[in-house]
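Data block below; observations after.
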Amino acid sequence: MLLQITNRQIIKIAAPICLALIIPQINHITNTAFLGRLGEFELAANGIAGIYYLVMYMIAYGLNNGMQVLIARRAGQRQLAGIGQLFSNGLLTGLVFSLLSILLTLLVAPYFFSKSLHDPHIYEAAVSFIRIRIWGLPFLMVLSMTNAFYIGSGHAKVLAITSLCQEMMNIFFDYTLIFGKLGLPALGLNGAAVASIIAEITGCSVAVSILFINRYHLEYSLFRYLRPDWRTIKSILNVSAPLIVQFLFSIGSWFVFFIFIEHLGERPLAISNMLRSIFGLFGIFTWALAATCNTMVSNIIGQGRPDLVFTIIKKIVLISLGCSTFMCIVVNLFPYTLLQIYTSNSELIAASIPSIRIITLSTLLMAIAGITLNAVTGTGNTRMNLFIEFTAVVGYMAYCDIVIEKMRSPLHLAWGADFIYWIIILIICVIYLRSGKWKGKEI
């Protein structure tokens, strides 16, 4: 529970997280590839609906990151009962948020899509998809809370098991329900939504089962505090709420970006959905290392050794940049091979190449900025995270409005918005961390 500042420790934490992230990306690649075989329309509709669900998932992700910070801090302080309190109350808080998100989606999403999308066929397909997909959110929320426990308490290897079970189910039901194989109905785009829900139920069941199989529920008193403790809930929200808003800003801006792209036409939207899948593949190593940085920074501060924070950041940034550079070289050498996974349409592939070049370059910047942003999260001052995100999103959206909506620029220039986003984040993070104002922050 007391982490050490070594490359071996970093890899020990990051490797299972990385594997857990790779498996969902394999699922998303498979999902997009299956839909790509149906046509550009399905790719386009899935792009919009998938990003909307990702916005809703950011509530779970924000709680997950906040819980990681708090649990890692208690682990550094060796407060096992405190971890149990956080887990139980985080679980209750997450379920309430997920139910509110379902209600909001069913009531508001159709109206929002009708006012923002130009193509009525994409609108109908997106609404139909999201009305099914949103019911997986409670299971995804429970899974996120258990993953926060596993990462924050130093048991990150469990994530690989849960993700593997989850994604095996997802890939199987994607294939059978999209195309109607093995006697199951051919649901097309909606088949992907049903498959994802089945997978989330599976992942949630496996993650919770492991808590009992390994007797973590006894060691950490995980379910002893299921009666709401408002002081603990306030502590969770104090750290997590700014992160939730931060991630909603972040992915919400990406959702608006996809709406801007929809205004350019069906083909740019279909290409962007493929690029989103590739972007997720690129980000695996960075986000696994970012989660590691979040946990290690909080744990080391909990141990009373804040002087080692910059050592952690430098070590993780170097590893992240090395991994991203390798991935960028490989993808730029074999872009056609990669895109043929998603579609056999040669015109669609050729139109995607310039945007791939842009994305690979922006991921090098993300490899540095993503780590420093999560280092800020690890300090516990999540309000600063919110300020950083808000500022970056303003710059990002200004670029999108000018370059995409007003200038109607080519797609590869539209994806240049990522450079603006990550540059702003990196500059503010460096200024804040160097200021030392995070030292002594109690959470």
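Residue names in the structure tokens use chain letters A, B, ... in the order shown, residue numbers from 1 in each chain, and ligand numbers from 1 in the order shown.
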Problem - Selection: 12 Å around Gln9 in chain A, only C-alpha atoms, excl. self and same-chain fewer than 3 positions, as a list in words - result: Met1, Leu2, Leu3, Gln4, Ile5, Thr6, Lys12, Ile13, Ala14, Ala15, Gly154, Ala156, Leu289, Thr292, Cys293, Thr295, Met296, Ile312, Lys315 and Ile316 of chain A
Practice task
May I have the residues within 6 Å of range 73-89 of chain A as a PyMOL selection string, using only C-alpha atoms and disregarding those fewer than 2 positions away in the same chain?
Solution key: chain A and resi 1-2+70-71+91-92+220-223+225-226+233+298-299+302-303
When you look at range 385-390 of chain A with a cut-off of 6 Å (counting only C-alpha atoms), what residues show up, excluding the ones that are within fewer than 3 positions of it in the same chain? I need them as a PDB file with C-alpha atoms, in the first residue's frame.
```
ATOM      1  CA  PRO A 242     -15.032  19.182 -10.093  1.00  0.00           C
ATOM      2  CA  GLN A 246     -14.190  18.693 -15.928  1.00  0.00           C
ATOM      3  CA  THR A 382      -9.649  19.014  -8.354  1.00  0.00           C
ATOM      4  CA  VAL A 393     -12.331  23.723 -23.750  1.00  0.00           C
TER       5      VAL A 393
END
```
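Take the candidates A:Ser128, A:Ser235, A:Ser352, A:Gln166 and check each one against Arg276 in chain A using only C-alpha atoms; the shortest distance goes to A:Ser352.
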Practice task
Give the answer as one residue: which of A:Tyr123, A:Trp230, A:Phe249, A:Phe257 has the shortest atom-to-atom distance to Gly90 in chain A, using only C-alpha atoms?
Solution key: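 Ranked by minimum distance to Gly90 in chain A, first place goes to A:Trp230.
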Practice task
Kindly indicate which residue among A:Val69, A:Thr379, A:Leu140, A:Val194 lies nearest to Ser153 in chain A, using only C-alpha atoms for the distances.
Solution key: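 Checking each of A:Val69, A:Thr379, A:Leu140, A:Val194 against Ser153 in chain A, counting only C-alpha atoms, the winner is A:Val69.
Between CA of Ala60 in chain A and CA of Leu218 in chain A there is a distance of 24.8 Å.
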Problem - Non-local contacts of Pro335 in chain A (12 Å; only C-alpha atoms; under 6 positions in same chain excluded) as a PyMOL selection string - result: chain A and resi 275+278+327-329+341-342+349-357+359-360
Exercise for the section: Identify which of the residues A:Ala291, A:Ala148, A:Leu117, A:Ile59 lies closest to Ile261 in chain A, counting only C-alpha atoms when measuring atom-to-atom distances. Expected result: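 Smallest distance to Ile261 in chain A is found for A:Leu117.
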If you count only C-alpha atoms, which residues fall within 8 Å of range 142-146 of chain A, apart from same-chain ones fewer than 2 positions away, as a CSV table (one decimal) with C-alpha atoms, in the first residue's frame?
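Contents of the output file out.csv:
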```csv
chain,number,residue,atom,x,y,z
A,60,ALA,CA,-18.8,7.5,-13.7
A,61,TYR,CA,-15.3,8.4,-14.8
A,63,LEU,CA,-16.3,9.6,-9.6
A,64,ASN,CA,-13.8,6.9,-10.5
A,67,MET,CA,-12.3,7.8,-5.6
A,87,PHE,CA,-16.2,2.6,-1.4
A,90,GLY,CA,-19.1,6.1,-3.5
A,91,LEU,CA,-21.2,3.1,-4.7
A,94,GLY,CA,-22.7,6.5,-8.3
A,95,LEU,CA,-26.0,4.6,-8.6
A,138,PRO,CA,-25.8,1.7,-13.7
A,139,PHE,CA,-23.7,-1.5,-14.3
A,140,LEU,CA,-20.9,0.6,-15.7
A,148,ALA,CA,-11.4,2.7,-8.4
A,149,PHE,CA,-10.9,0.5,-5.4
A,150,TYR,CA,-8.7,-1.9,-7.2
A,200,GLU,CA,-21.3,-4.1,-18.9
A,203,GLY,CA,-17.9,-6.9,-16.3
A,204,CYS,CA,-19.8,-5.6,-13.2
A,207,ALA,CA,-15.6,-7.2,-10.6
A,208,VAL,CA,-17.9,-7.5,-7.7
```
Exercise for the section: Fewer than 6 positions away in the same chain doesn't count, so skip those; otherwise give me all residues within 8 Å of Glu266 in chain A, counting only C-alpha atoms, as a PyMOL selection string. Expected result: chain A and resi 40-41+44
Problem - Distance in Å - CA of Ile368 in chain A versus CA of Leu321 in chain A - result: 6.6 Å
Exercise for the section: Identify which of the residues A:Leu35, A:Leu100, A:Leu361, A:Val376 lies closest to Leu177 in chain A, counting only C-alpha atoms when measuring atom-to-atom distances. Expected result: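 The answer is A:Leu35, which sits nearest to Leu177 in chain A.
Closest approach to Tyr52 in chain A among A:Ser163, A:Ser209, A:Ser253, A:Thr93 is made by A:Ser253 (distances from only C-alpha atoms).
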